[in-house]
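input-v8.cif, holding mmCIF, C-alpha atoms and all ligand atoms:
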```cif
data_target
loop_
_atom_site.label_atom_id
_atom_site.label_comp_id
_atom_site.auth_asym_id
_atom_site.auth_seq_id
_atom_site.Cartn_x
_atom_site.Cartn_y
_atom_site.Cartn_z
CA MET A 1 -54.42 37.15 91.22
CA SER A 2 -55.15 40.64 92.51
CA GLN A 3 -58.69 41.99 92.58
CA ARG A 4 -57.89 44.40 89.74
CA SER A 5 -56.50 41.60 87.59
CA GLU A 6 -59.65 39.57 88.20
CA GLN A 7 -61.73 42.55 87.12
CA PHE A 8 -59.57 43.15 84.01
CA PRO A 9 -58.46 39.68 82.90
CA LEU A 10 -57.46 40.75 79.41
CA GLY A 11 -55.32 43.60 80.74
CA ALA A 12 -53.70 41.17 83.19
CA SER A 13 -52.64 38.95 80.29
CA ILE A 14 -50.94 41.72 78.28
CA ARG A 15 -47.13 41.76 78.26
CA VAL A 16 -45.03 44.83 77.42
CA GLU A 17 -43.77 43.12 74.24
CA ASP A 18 -47.38 42.63 73.07
CA LEU A 19 -47.64 46.42 72.81
CA GLN A 20 -44.33 46.91 71.06
CA SER A 21 -44.05 45.42 67.57
CA PHE A 22 -47.50 44.44 66.44
CA PRO A 23 -49.90 45.80 69.08
CA TYR A 24 -52.98 46.34 66.89
CA GLU A 25 -54.79 43.09 67.70
CA PHE A 26 -54.17 43.48 71.45
CA LEU A 27 -55.38 47.09 71.40
CA ALA A 28 -58.49 46.08 69.40
CA ARG A 29 -59.37 43.35 71.90
CA LEU A 30 -58.85 45.70 74.83
CA ARG A 31 -61.00 48.42 73.22
CA GLU A 32 -63.74 45.88 72.59
CA SER A 33 -64.00 44.45 76.11
CA GLU A 34 -61.89 46.65 78.47
CA PRO A 35 -61.55 50.13 76.91
CA VAL A 36 -60.14 51.33 80.24
CA SER A 37 -58.06 48.43 81.52
CA TRP A 38 -55.55 47.89 84.33
CA ILE A 39 -52.31 46.63 82.75
CA PRO A 40 -50.03 45.27 85.50
CA ALA A 41 -47.12 45.08 83.03
CA LEU A 42 -47.30 48.87 82.61
CA GLY A 43 -48.40 49.71 86.17
CA ALA A 44 -51.03 51.89 84.50
CA TRP A 45 -54.59 52.11 83.28
CA LEU A 46 -54.57 51.91 79.49
CA VAL A 47 -57.26 53.81 77.54
CA THR A 48 -57.85 52.51 74.01
CA SER A 49 -61.16 53.98 72.76
CA ARG A 50 -61.14 57.36 71.01
CA ASP A 51 -63.94 59.00 73.03
CA LEU A 52 -62.44 58.07 76.42
CA ALA A 53 -58.95 59.04 75.21
CA ILE A 54 -60.30 62.51 74.33
CA GLU A 55 -62.07 62.75 77.70
CA VAL A 56 -58.74 62.21 79.49
CA MET A 57 -56.76 64.59 77.26
CA ARG A 58 -59.27 67.43 77.62
CA ASP A 59 -59.70 67.23 81.38
CA ALA A 60 -56.41 68.40 82.87
CA GLU A 61 -58.06 69.02 86.24
CA ALA A 62 -58.85 65.34 86.68
CA PHE A 63 -55.91 63.94 84.66
CA THR A 64 -52.74 65.98 85.13
CA VAL A 65 -49.12 65.86 83.92
CA ASP A 66 -48.06 67.72 87.08
CA ASP A 67 -46.74 64.88 89.22
CA PRO A 68 -43.31 64.25 90.80
CA ARG A 69 -43.14 60.87 89.05
CA PHE A 70 -43.00 62.59 85.64
CA SER A 71 -39.41 61.79 84.66
CA THR A 72 -38.89 64.53 82.05
CA ALA A 73 -39.39 67.21 84.70
CA ALA A 74 -36.88 65.50 86.98
CA VAL A 75 -34.26 65.73 84.22
CA ILE A 76 -34.85 69.12 82.59
CA GLY A 77 -36.84 70.98 85.24
CA GLN A 78 -40.36 72.39 85.02
CA SER A 79 -41.70 73.20 81.58
CA MET A 80 -45.07 73.26 79.87
CA LEU A 81 -44.85 69.49 79.41
CA SER A 82 -45.02 68.96 83.17
CA LEU A 83 -47.31 71.80 84.29
CA ASP A 84 -51.06 72.27 84.31
CA GLY A 85 -53.44 75.12 85.16
CA ASP A 86 -52.31 78.77 85.26
CA GLU A 87 -48.57 78.01 85.21
CA HIS A 88 -49.02 75.83 82.13
CA SER A 89 -50.97 78.62 80.42
CA ARG A 90 -48.22 81.13 81.22
CA HIS A 91 -45.52 78.89 79.74
CA ARG A 92 -47.58 77.97 76.71
CA ARG A 93 -48.75 81.51 75.98
CA ALA A 94 -45.17 82.51 75.29
CA PHE A 95 -45.04 79.97 72.47
CA ALA A 96 -48.38 80.71 70.85
CA ALA A 97 -47.02 83.48 68.57
CA PRO A 98 -43.80 81.84 67.35
CA PHE A 99 -45.62 78.61 66.43
CA ARG A 100 -48.48 80.34 64.56
CA PRO A 101 -48.99 78.76 61.11
CA ALA A 102 -48.50 82.06 59.27
CA LEU A 103 -45.23 82.77 61.06
CA VAL A 104 -43.92 79.25 60.55
CA ARG A 105 -44.79 79.52 56.85
CA ASP A 106 -43.34 82.99 56.29
CA LYS A 107 -40.13 82.50 58.20
CA TYR A 108 -39.28 78.85 57.71
CA GLU A 109 -41.01 77.42 54.65
CA ALA A 110 -38.34 78.37 52.11
CA VAL A 111 -35.48 77.32 54.41
CA ILE A 112 -37.00 73.91 55.16
CA TRP A 113 -37.84 73.16 51.52
CA ASN A 114 -34.21 73.95 50.68
CA LEU A 115 -32.91 71.72 53.46
CA ALA A 116 -35.00 68.85 52.06
CA LYS A 117 -33.95 69.43 48.44
CA GLU A 118 -30.27 69.56 49.34
CA ARG A 119 -30.45 66.52 51.58
CA VAL A 120 -32.20 64.43 48.88
CA ALA A 121 -29.88 65.76 46.13
CA SER A 122 -26.91 64.51 48.17
CA LEU A 123 -28.43 60.98 48.08
CA ALA A 124 -29.72 60.95 44.51
CA GLY A 125 -26.53 59.62 42.90
CA ASP A 126 -26.33 56.63 45.29
CA GLY A 127 -29.32 54.75 43.78
CA SER A 128 -30.41 53.48 47.19
CA ALA A 129 -30.45 54.58 50.84
CA GLU A 130 -31.90 53.81 54.22
CA LEU A 131 -34.15 56.86 54.35
CA ARG A 132 -34.84 57.04 58.09
CA THR A 133 -31.22 57.70 58.99
CA ALA A 134 -30.25 59.36 55.69
CA LEU A 135 -33.24 61.71 55.42
CA ALA A 136 -35.87 61.67 58.19
CA ALA A 137 -33.44 61.97 61.13
CA PRO A 138 -31.19 64.71 59.71
CA MET A 139 -34.24 66.67 58.49
CA ALA A 140 -35.65 66.57 62.03
CA VAL A 141 -32.42 67.87 63.53
CA ASP A 142 -31.77 70.47 60.80
CA SER A 143 -35.30 71.86 60.96
CA ILE A 144 -35.49 72.33 64.70
CA THR A 145 -31.96 73.70 65.04
CA THR A 146 -32.77 76.21 62.28
CA PHE A 147 -35.95 77.17 64.12
CA LEU A 148 -33.97 77.68 67.33
CA GLY A 149 -31.11 79.59 65.69
CA LEU A 150 -28.66 76.76 66.45
CA SER A 151 -27.83 75.77 62.88
CA ASP A 152 -24.11 76.26 63.47
CA VAL A 153 -24.13 73.44 66.04
CA ASP A 154 -22.92 70.13 64.56
CA PRO A 155 -25.96 67.81 64.13
CA SER A 156 -24.00 64.91 65.64
CA GLN A 157 -23.54 67.06 68.75
CA VAL A 158 -27.31 67.64 68.92
CA LEU A 159 -27.97 63.92 68.56
CA ASP A 160 -25.40 63.18 71.25
CA TRP A 161 -27.20 65.57 73.64
CA TYR A 162 -30.48 63.98 72.67
CA GLY A 163 -29.22 60.45 73.42
CA LYS A 164 -27.85 61.42 76.84
CA PHE A 165 -31.06 63.23 77.69
CA SER A 166 -33.21 60.22 76.68
CA ASP A 167 -30.97 57.84 78.66
CA ALA A 168 -31.36 60.08 81.72
CA ILE A 169 -35.16 60.04 81.39
CA VAL A 170 -35.24 56.26 81.07
CA GLY A 171 -32.89 55.98 84.09
CA VAL A 172 -35.06 58.29 86.21
CA THR A 173 -38.16 56.30 85.19
CA LEU A 174 -36.39 53.23 86.58
CA GLY A 175 -35.67 55.03 89.86
CA GLU A 176 -32.02 56.07 89.20
CA ASP A 177 -30.48 59.53 89.73
CA VAL A 178 -29.86 61.80 86.73
CA PRO A 179 -26.40 60.65 85.49
CA THR A 180 -23.50 63.12 85.28
CA SER A 181 -23.34 62.66 81.50
CA GLY A 182 -27.00 63.74 81.24
CA ARG A 183 -26.37 66.80 83.42
CA ALA A 184 -23.28 67.76 81.41
CA ALA A 185 -25.14 67.42 78.10
CA LEU A 186 -27.94 69.62 79.39
CA ASP A 187 -25.46 72.23 80.66
CA GLN A 188 -23.84 72.38 77.21
CA LEU A 189 -27.19 72.67 75.48
CA TYR A 190 -28.31 75.41 77.86
CA GLU A 191 -25.11 77.33 77.18
CA ARG A 192 -25.67 77.18 73.42
CA VAL A 193 -29.33 78.15 73.69
CA ALA A 194 -28.47 81.02 76.05
CA ALA A 195 -25.89 82.24 73.51
CA SER A 196 -28.52 82.03 70.76
CA VAL A 197 -31.00 84.00 72.91
CA GLU A 198 -28.30 86.59 73.52
CA ALA A 199 -27.32 86.82 69.84
CA GLY A 200 -30.94 87.16 68.72
CA THR A 201 -30.35 84.87 65.71
CA SER A 202 -33.65 83.02 66.00
CA GLU A 203 -36.96 84.68 65.20
CA PHE A 204 -38.53 82.22 67.60
CA LEU A 205 -36.23 83.05 70.52
CA ASN A 206 -36.47 86.77 69.79
CA THR A 207 -40.24 86.60 70.22
CA LEU A 208 -39.93 84.71 73.48
CA ARG A 209 -37.36 87.15 74.83
CA ASP A 210 -39.17 90.30 73.68
CA ASP A 211 -42.57 89.23 74.98
CA ALA A 212 -40.94 88.68 78.39
CA ILE A 213 -43.64 86.28 79.53
CA LEU A 214 -40.99 83.81 80.64
CA ARG A 215 -37.85 84.45 82.68
CA SER A 216 -34.64 83.89 80.73
CA ASP A 217 -33.89 80.58 82.52
CA GLU A 218 -37.40 79.43 81.59
CA VAL A 219 -36.84 80.39 77.95
CA VAL A 220 -33.77 78.16 77.89
CA ALA A 221 -35.58 75.21 79.53
CA ALA A 222 -38.55 75.66 77.20
CA THR A 223 -36.37 75.65 74.09
CA ALA A 224 -34.78 72.42 75.32
CA VAL A 225 -38.28 70.94 75.54
CA VAL A 226 -39.08 72.12 72.03
CA MET A 227 -35.86 70.65 70.70
CA PHE A 228 -36.33 67.31 72.38
CA GLY A 229 -40.08 67.25 71.64
CA ALA A 230 -39.30 67.69 67.97
CA ILE A 231 -36.44 65.35 67.14
CA GLU A 232 -37.67 61.81 67.73
CA THR A 233 -41.26 62.62 66.80
CA SER A 234 -40.64 64.33 63.47
CA GLU A 235 -38.07 61.74 62.48
CA GLY A 236 -40.72 59.08 63.18
CA MET A 237 -43.44 61.02 61.36
CA THR A 238 -41.40 61.33 58.13
CA ALA A 239 -40.09 57.75 58.34
CA ASN A 240 -43.63 56.39 58.88
CA VAL A 241 -44.99 58.24 55.82
CA LEU A 242 -42.09 56.88 53.74
CA TRP A 243 -42.90 53.40 55.04
CA HIS A 244 -46.62 53.68 54.25
CA LEU A 245 -46.07 55.01 50.72
CA LEU A 246 -43.29 52.57 49.87
CA THR A 247 -45.33 49.59 51.08
CA HIS A 248 -48.38 50.73 49.01
CA SER A 249 -46.96 51.13 45.51
CA GLU A 250 -50.34 51.90 43.91
CA ILE A 251 -50.88 54.80 46.36
CA LEU A 252 -47.30 55.94 45.82
CA ALA A 253 -48.01 56.10 42.06
CA GLN A 254 -51.23 58.10 42.66
CA VAL A 255 -49.42 60.62 44.89
CA GLN A 256 -46.57 60.80 42.38
CA ALA A 257 -49.09 61.69 39.65
CA ASP A 258 -51.18 64.08 41.77
CA ARG A 259 -49.28 65.91 44.50
CA SER A 260 -52.49 67.31 45.96
CA LEU A 261 -52.92 63.82 47.48
CA LEU A 262 -49.72 64.10 49.53
CA SER A 263 -51.41 65.85 52.44
CA SER A 264 -53.98 63.03 52.77
CA ALA A 265 -51.18 60.45 52.51
CA ILE A 266 -49.43 62.17 55.43
CA GLU A 267 -52.56 62.51 57.60
CA GLU A 268 -53.53 58.87 57.04
CA SER A 269 -50.01 57.80 58.03
CA LEU A 270 -50.24 59.98 61.17
CA ARG A 271 -53.49 58.20 61.99
CA LEU A 272 -52.17 54.68 61.49
CA GLU A 273 -48.80 55.15 63.18
CA PRO A 274 -48.59 58.09 65.60
CA ALA A 275 -44.85 58.63 66.11
CA ALA A 276 -45.59 59.28 69.82
CA ALA A 277 -47.98 56.41 70.55
CA VAL A 278 -48.92 57.07 74.18
CA ILE A 279 -49.23 59.95 76.64
CA ASP A 280 -49.25 59.73 80.43
CA ARG A 281 -51.48 61.47 82.96
CA TYR A 282 -52.05 61.11 86.74
CA ALA A 283 -55.51 61.08 88.37
CA THR A 284 -55.84 64.04 90.76
CA ALA A 285 -58.79 62.44 92.60
CA ASP A 286 -60.91 59.29 92.40
CA THR A 287 -62.42 59.79 88.94
CA GLN A 288 -64.98 57.91 86.89
CA LEU A 289 -63.77 57.11 83.37
CA GLY A 290 -66.22 55.08 81.32
CA ASP A 291 -67.24 52.19 83.57
CA VAL A 292 -64.13 52.37 85.72
CA MET A 293 -63.41 54.35 88.90
CA ILE A 294 -59.76 55.42 88.64
CA PRO A 295 -58.23 55.87 92.10
CA GLU A 296 -56.46 59.15 92.96
CA ARG A 297 -52.75 59.27 91.95
CA ASP A 298 -52.98 56.31 89.57
CA LEU A 299 -51.14 56.54 86.26
CA VAL A 300 -53.43 56.72 83.21
CA THR A 301 -51.79 55.99 79.85
CA VAL A 302 -53.73 57.07 76.77
CA SER A 303 -53.02 54.96 73.69
CA LEU A 304 -53.11 57.42 70.80
CA LEU A 305 -52.47 54.42 68.55
CA GLY A 306 -55.53 52.68 70.00
CA ALA A 307 -57.71 55.81 69.69
CA ASN A 308 -56.66 56.32 66.06
CA ARG A 309 -57.76 52.81 65.12
CA ASP A 310 -61.14 52.96 66.83
CA PRO A 311 -63.49 51.36 64.26
CA SER A 312 -66.48 53.35 65.50
CA VAL A 313 -64.83 56.45 63.99
CA PHE A 314 -62.51 54.93 61.36
CA PRO A 315 -64.17 51.94 59.64
CA ASP A 316 -61.71 49.25 58.52
CA PRO A 317 -59.22 50.97 60.79
CA ASP A 318 -56.06 49.01 59.92
CA THR A 319 -56.18 49.89 56.21
CA TYR A 320 -54.01 52.69 54.79
CA ASP A 321 -56.75 54.52 52.89
CA ILE A 322 -55.85 58.03 51.76
CA THR A 323 -59.41 58.63 50.53
CA ARG A 324 -60.81 58.24 54.06
CA PRO A 325 -62.92 61.38 54.53
CA ASN A 326 -62.11 61.89 58.22
CA HIS A 327 -58.42 60.95 58.66
CA ARG A 328 -57.76 64.39 60.14
CA GLN A 329 -59.79 63.31 63.16
CA HIS A 330 -56.76 61.37 64.38
CA VAL A 331 -55.52 62.40 67.82
CA THR A 332 -51.82 62.04 67.06
CA PHE A 333 -51.14 65.67 67.99
CA VAL A 334 -53.34 65.38 71.12
CA GLN A 335 -56.41 67.42 72.04
CA GLY A 336 -56.86 69.72 75.01
CA PRO A 337 -54.39 71.98 76.82
CA HIS A 338 -51.26 69.98 75.87
CA GLY A 339 -52.00 69.75 72.14
CA CYS A 340 -48.75 69.67 70.16
CA LEU A 341 -47.36 73.11 69.39
CA GLY A 342 -45.12 71.86 66.62
CA VAL A 343 -47.86 70.61 64.27
CA HIS A 344 -47.34 73.19 61.54
CA LEU A 345 -43.58 72.89 61.61
CA ALA A 346 -43.77 69.08 61.64
CA ARG A 347 -46.22 68.97 58.72
CA LEU A 348 -44.04 71.42 56.78
CA GLU A 349 -40.94 69.34 57.40
CA THR A 350 -42.50 66.02 56.35
CA THR A 351 -44.18 67.58 53.30
CA ALA A 352 -40.86 69.08 52.19
CA ALA A 353 -38.99 65.79 52.70
CA LEU A 354 -41.59 63.73 50.82
CA THR A 355 -41.87 66.23 47.97
CA ALA A 356 -38.10 66.23 47.51
CA VAL A 357 -38.11 62.41 47.45
CA LEU A 358 -40.94 62.28 44.87
CA ASP A 359 -39.31 64.99 42.72
CA GLN A 360 -35.73 63.85 42.82
CA LEU A 361 -35.69 60.05 43.15
CA PRO A 362 -37.26 58.46 40.04
CA ASP A 363 -38.79 54.94 40.01
CA LEU A 364 -38.73 54.78 43.78
CA GLN A 365 -39.21 51.30 45.26
CA LEU A 366 -38.96 49.67 48.67
CA ASP A 367 -36.10 47.27 49.33
CA PRO A 368 -38.17 44.88 51.49
CA ALA A 369 -35.20 42.81 52.64
CA GLN A 370 -33.62 45.93 54.18
CA SER A 371 -36.77 47.45 55.69
CA THR A 372 -38.88 46.87 58.80
CA ALA A 373 -42.34 47.97 59.92
CA PRO A 374 -42.81 50.77 62.49
CA GLU A 375 -42.49 49.52 66.06
CA GLY A 376 -42.14 50.78 69.64
CA LEU A 377 -44.16 51.13 72.83
CA ILE A 378 -43.77 54.89 73.30
CA PHE A 379 -42.19 56.14 70.06
CA ARG A 380 -43.04 54.27 66.84
CA LYS A 381 -40.94 54.25 63.70
CA PRO A 382 -39.32 51.73 61.35
CA ALA A 383 -35.78 50.72 62.30
CA ALA A 384 -34.97 50.86 58.57
CA VAL A 385 -36.87 51.99 55.51
CA THR A 386 -34.60 51.33 52.56
CA ALA A 387 -35.49 52.45 49.04
CA ARG A 388 -33.98 51.98 45.59
CA TRP A 389 -34.44 54.34 42.64
C1 LIG B 401 -41.29 70.43 64.89
C2 LIG B 401 -41.67 69.45 65.60
C3 LIG B 401 -42.36 69.51 66.93
C4 LIG B 401 -42.29 70.43 67.95
C5 LIG B 401 -41.46 71.69 67.99
C6 LIG B 401 -43.18 69.97 69.01
C7 LIG B 401 -43.39 70.63 70.19
C8 LIG B 401 -44.28 70.24 71.18
C9 LIG B 401 -44.47 70.91 72.44
C10 LIG B 401 -43.74 72.16 72.87
C11 LIG B 401 -45.42 70.22 73.13
C12 LIG B 401 -45.91 70.53 74.55
C13 LIG B 401 -47.23 71.21 74.59
C14 LIG B 401 -47.75 71.34 75.99
O1 LIG B 401 -47.41 70.54 76.87
O2 LIG B 401 -48.52 72.27 76.24
C15 LIG B 401 -45.81 69.11 72.31
C16 LIG B 401 -46.74 68.16 72.67
C17 LIG B 401 -46.92 67.01 71.96
N1 LIG B 401 -46.41 66.69 70.72
FE1 LIG B 401 -45.20 67.79 69.60
N2 LIG B 401 -43.76 68.80 68.61
C18 LIG B 401 -43.28 68.49 67.36
C19 LIG B 401 -43.61 67.42 66.59
C20 LIG B 401 -44.44 66.41 66.98
C21 LIG B 401 -44.75 65.26 66.20
C22 LIG B 401 -44.21 64.97 64.80
C23 LIG B 401 -45.58 64.48 66.97
C24 LIG B 401 -46.21 63.17 66.64
C25 LIG B 401 -46.27 62.66 65.43
C26 LIG B 401 -45.79 65.18 68.22
C27 LIG B 401 -46.57 64.72 69.25
C28 LIG B 401 -46.83 65.42 70.40
C29 LIG B 401 -47.65 64.89 71.48
C30 LIG B 401 -48.30 63.52 71.51
C31 LIG B 401 -47.70 65.90 72.46
C32 LIG B 401 -48.48 65.86 73.76
C33 LIG B 401 -47.65 65.40 74.95
C34 LIG B 401 -48.52 65.23 76.16
O3 LIG B 401 -49.64 65.73 76.18
O4 LIG B 401 -48.10 64.58 77.13
N3 LIG B 401 -45.08 66.34 68.19
N4 LIG B 401 -45.11 69.15 71.11
#
```

What would you get if you wrote out this structure as structure tokens?
Amino acid sequence: MSQRSEQFPLGASIRVEDLQSFPYEFLARLRESEPVSWIPALGAWLVTSRDLAIEVMRDAEAFTVDDPRFSTAAVIGQSMLSLDGDEHSRHRRAFAAPFRPALVRDKYEAVIWNLAKERVASLAGDGSAELRTALAAPMAVDSITTFLGLSDVDPSQVLDWYGKFSDAIVGVTLGEDVPTSGRAALDQLYERVAASVEAGTSEFLNTLRDDAILRSDEVVAATAVVMFGAIETSEGMTANVLWHLLTHSEILAQVQADRSLLSSAIEESLRLEPAAAVIDRYATADTQLGDVMIPERDLVTVSLLGANRDPSVFPDPDTYDITRPNHRQHVTFVQGPHGCLGVHLARLETTAALTAVLDQLPDLQLDPAQSTAPEGLIFRKPAAVTARW
């Protein structure tokens, strides 16, 4: 047994699969006795308490994303996801205006509510559907392609690009080269985004181009990041809310009767099951974190799922309680310089999808035999959430 494993015996006993399907008990035990623990199965330090998670997220000088091992950068090139310091600020500044809540509301609210209504109307006559693939996933693709002025691109084409891009990232993480299929998919996407920039069809891209903070090649790379940052996460966010409401019929009935509760139902679902469950950082120097000295260059993985279930902030943390006064203190959208830019768009999208479901599908019930709980190490969502109405 290595010295680290002797120092962190619980971490040494954790297997990757322990953190995949039902990780809550493992995360709770780690938080209790080793809130910063060396997990040999991940090759990383895992942070599970909310205060230490926030310390890592807020201190980009000590815990950076800017490291050659970061696989997303190897596949799509440098973007705000893989930069820190002044360069990160320059990239991110370009996006501050287009993602402002008022702009998102004024330009996209009506369109996204319509997308949701039409999508649910197309299912209403069927009497049942698997709502992750029939609603959450297409809403995620439709919303972000609308935002980027790419709504004439076939959604199956977007998902195909997405799949090849994800495969390339996984491959690079395992030490492989970027595959030709991944490169080709990115080239096609870049071509379409460049055409959209040129045509000026997206309010979002127009702002980026007109403000001229980024070079045109950077605008294209950044929109790819936005697209890929949005798809899996917002699909998971909507699917997880559907799961939580359908598995708590009394809460579903309350939200059905009083729509002002929907926002709390969404925030509490974001707390319990963050669609992106972990974020990675690299130590820039030997750094003290809690009781542990993290050596320079080590990988530090923050468990957003662990932080969101910290009982010192959220009593009875595993319960879906929409009356919890502080559910908005979840860290699902991250704190600090890399805080999610898509929050307003994502909340709008999920609210629209859920409202359309509540309005248009009467007597909604879960089909438990055809549904599964959210799962996943990095991205968490149910494989199937099937409802009848
Ligand atoms: C419309 C949908 C979305 C868009 C356009 C979007 C966009 C982005 C962008 C551009 C960043 C990078 C910010 C930076 O590095 O400075 C980011 C970060 C992040 N987003 Fe989102 N996002 C969306 C939805 C979501 C959802 C639904 C979740 C989770 C439920 C999520 C979780 C995160 C997380 C965890 C990060 C931080 C990554 C890190 O620090 O390593 N996002 N998002």

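Across the model, the gap from atom N2 of ligand LIG 401 (chain B) to atom CA of A:Gly229 is 5.0 Å.
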
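Neighbours of ligand LIG 401 (chain B) at a cut-off of 6 Å, computed so that only C-alpha atoms and all ligand atoms are counted, are the residues A:Met80, A:Leu81, A:Arg92, A:Val226, A:Gly229, A:Ala230, A:Thr233, A:Ser234, A:Met237, A:Pro274, A:Ala275, A:Ala276, A:Ile279, A:Asp280, A:Thr332, A:Phe333, A:Val334, A:Pro337, A:His338, A:Gly339, A:Cys340, A:Leu341, A:Gly342, A:Val343, A:Leu345, A:Ala346.
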
Handout entry: Contacts of A:Asp177 within 12 Å, all atoms listed in the file, excl. fewer than 5 positions in-chain, as a count of residues only
Key = 11

Practice task
Neighbourhood query: residues within 10 Å of (-48.2, 55.2, 77.3), file coordinates, counting all atoms listed in the file; return as a VMD selection string.
Solution key: chain A and resid 19 42 44 to 47 276 to 281 299 to 305 377 to 379

Between stretch 304-382 of chain A and stretch 249-259 of chain A, at 12 Å or less, what are the per-residue closest atom pairs and their distances in Å? Count only C-alpha atoms, order by chain and rising residue number, and return it as a Markdown table.
```
| residue | atom | partner | partner_atom | distance |
| --- | --- | --- | --- | --- |
| A:Tyr320 | CA | A:Ile251 | CA | 9.2 |
| A:Asp321 | CA | A:Ile251 | CA | 8.8 |
| A:Ile322 | CA | A:Ile251 | CA | 8.0 |
| A:Thr323 | CA | A:Ile251 | CA | 10.2 |
| A:Thr351 | CA | A:Arg259 | CA | 10.3 |
| A:Ala352 | CA | A:Arg259 | CA | 11.8 |
| A:Leu354 | CA | A:Arg259 | CA | 10.2 |
| A:Thr355 | CA | A:Arg259 | CA | 8.2 |
| A:Ala356 | CA | A:Gln256 | CA | 11.3 |
| A:Val357 | CA | A:Gln256 | CA | 10.0 |
| A:Leu358 | CA | A:Gln256 | CA | 6.3 |
| A:Asp359 | CA | A:Gln256 | CA | 8.4 |
| A:Gln360 | CA | A:Gln256 | CA | 11.3 |
| A:Leu361 | CA | A:Gln256 | CA | 10.9 |
| A:Pro362 | CA | A:Gln256 | CA | 9.9 |
| A:Asp363 | CA | A:Ala253 | CA | 9.5 |
| A:Leu364 | CA | A:Leu252 | CA | 8.9 |
| A:Gln365 | CA | A:Ser249 | CA | 7.8 |
| A:Leu366 | CA | A:Ser249 | CA | 8.7 |
```

Exercise for the section: Show which residues sit within 10 Å of A:Gln20, as JSON, numbers by chain. Count all atoms listed in the file, and ignore same-chain residues fewer than 4 positions away. Expected result: {"A": [15, 16, 24, 374, 375, 376, 377, 378, 379, 380]}

Export of prior selection with C-alpha atoms as a tab-separated table (two decimals), in the frame of the given file:
```tsv
chain	number	residue	atom	x	y	z
A	15	ARG	CA	-47.13	41.76	78.26
A	16	VAL	CA	-45.03	44.83	77.42
A	24	TYR	CA	-52.98	46.34	66.89
A	374	PRO	CA	-42.81	50.77	62.49
A	375	GLU	CA	-42.49	49.52	66.06
A	376	GLY	CA	-42.14	50.78	69.64
A	377	LEU	CA	-44.16	51.13	72.83
A	378	ILE	CA	-43.77	54.89	73.30
A	379	PHE	CA	-42.19	56.14	70.06
A	380	ARG	CA	-43.04	54.27	66.84
```

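Within 6 Å of the point (-65.7, 58.5, 78.0), counting all atoms listed in the file, the protein and nucleic acid residues come to Asp51, Leu52, Glu55, Leu289 and Gly290 of chain A.
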
Convert the current residue selection to file output with C-alpha atoms, as a PDB file, in the frame of the given file.
```
ATOM      1  CA  ASP A  51     -63.940  59.000  73.030  1.00  0.00           C
ATOM      2  CA  LEU A  52     -62.440  58.070  76.420  1.00  0.00           C
ATOM      3  CA  GLU A  55     -62.070  62.750  77.700  1.00  0.00           C
ATOM      4  CA  LEU A 289     -63.770  57.110  83.370  1.00  0.00           C
ATOM      5  CA  GLY A 290     -66.220  55.080  81.320  1.00  0.00           C
TER       6      GLY A 290
END
```

Practice task
Can you pull out every residue within 8 Å of A:Tyr190, counting all atoms listed in the file, but drop anything in the same chain fewer than 2 positions away, and send it as JSON, numbers by chain?
Solution key: {"A": [186, 187, 188, 192, 193, 194, 220, 221, 224]}

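Here atom CA of A:Ser82 is placed at a distance of 7.5 Å from atom CA of A:Asp67.
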
Practice task
Have a look at atom CA of A:Asp106 and atom CA of A:Arg119 and let me know their distance in Å, one decimal.
Solution key: 21.4 Å

Practice task
Could you check which of A:Ala94, A:Leu262, A:Leu245, A:Ile144 is closest to A:Ser216, using only C-alpha atoms?
Solution key: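 For A:Ser216, the nearest of the given residues is A:Ala94.
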
Problem - Minimum-distance residue to A:His330, chosen among A:Glu235, A:Asp291, A:Glu267, A:Asp86 (using all atoms listed in the file) - result: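 Comparing A:Glu235, A:Asp291, A:Glu267, A:Asp86 against A:His330, the winner is A:Glu267.
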
Practice task
Would you mind telling me which residue in A:Ala136, A:Val178, A:Ser151, A:Asp310 lies nearest to A:Ala73 when using only C-alpha atoms?
Solution key: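 Residue with the minimum atom-to-atom distance to A:Ala73: A:Val178.
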
Problem - Exercise: A:Thr284 partners within 7 Å, only C-alpha atoms, chain neighbours under 5 positions left out, as a ChimeraX atom specification - result: /A:62-64,296-297

Practice task
Quick one: everything within 10 Å of A:Phe228, counting only C-alpha atoms, minus sequence neighbours fewer than 3 positions away in the same chain. Send it as a VMD selection string.
Solution key: chain A and resid 141 144 158 to 159 161 to 163 165 to 166 222 to 225 231 to 233

Using the partial input, fill out stretch 207-211 of chain A with N, CA and C atoms; write the result as a compact mmCIF listing (two decimals), in the frame of the given file.
```txt
# COMPACT_ATOMS: atom_id res chain seq x y z
N THR A 207 -38.87 86.35 69.78
CA THR A 207 -40.24 86.60 70.22
C THR A 207 -40.39 86.25 71.70
N LEU A 208 -39.82 85.11 72.07
CA LEU A 208 -39.93 84.71 73.48
C LEU A 208 -39.28 85.75 74.39
N ARG A 209 -38.09 86.21 73.98
CA ARG A 209 -37.36 87.15 74.83
C ARG A 209 -38.10 88.49 74.89
N ASP A 210 -38.56 88.97 73.72
CA ASP A 210 -39.17 90.30 73.68
C ASP A 210 -40.51 90.33 74.40
N ASP A 211 -41.26 89.23 74.31
CA ASP A 211 -42.57 89.23 74.98
C ASP A 211 -42.44 89.14 76.50
```
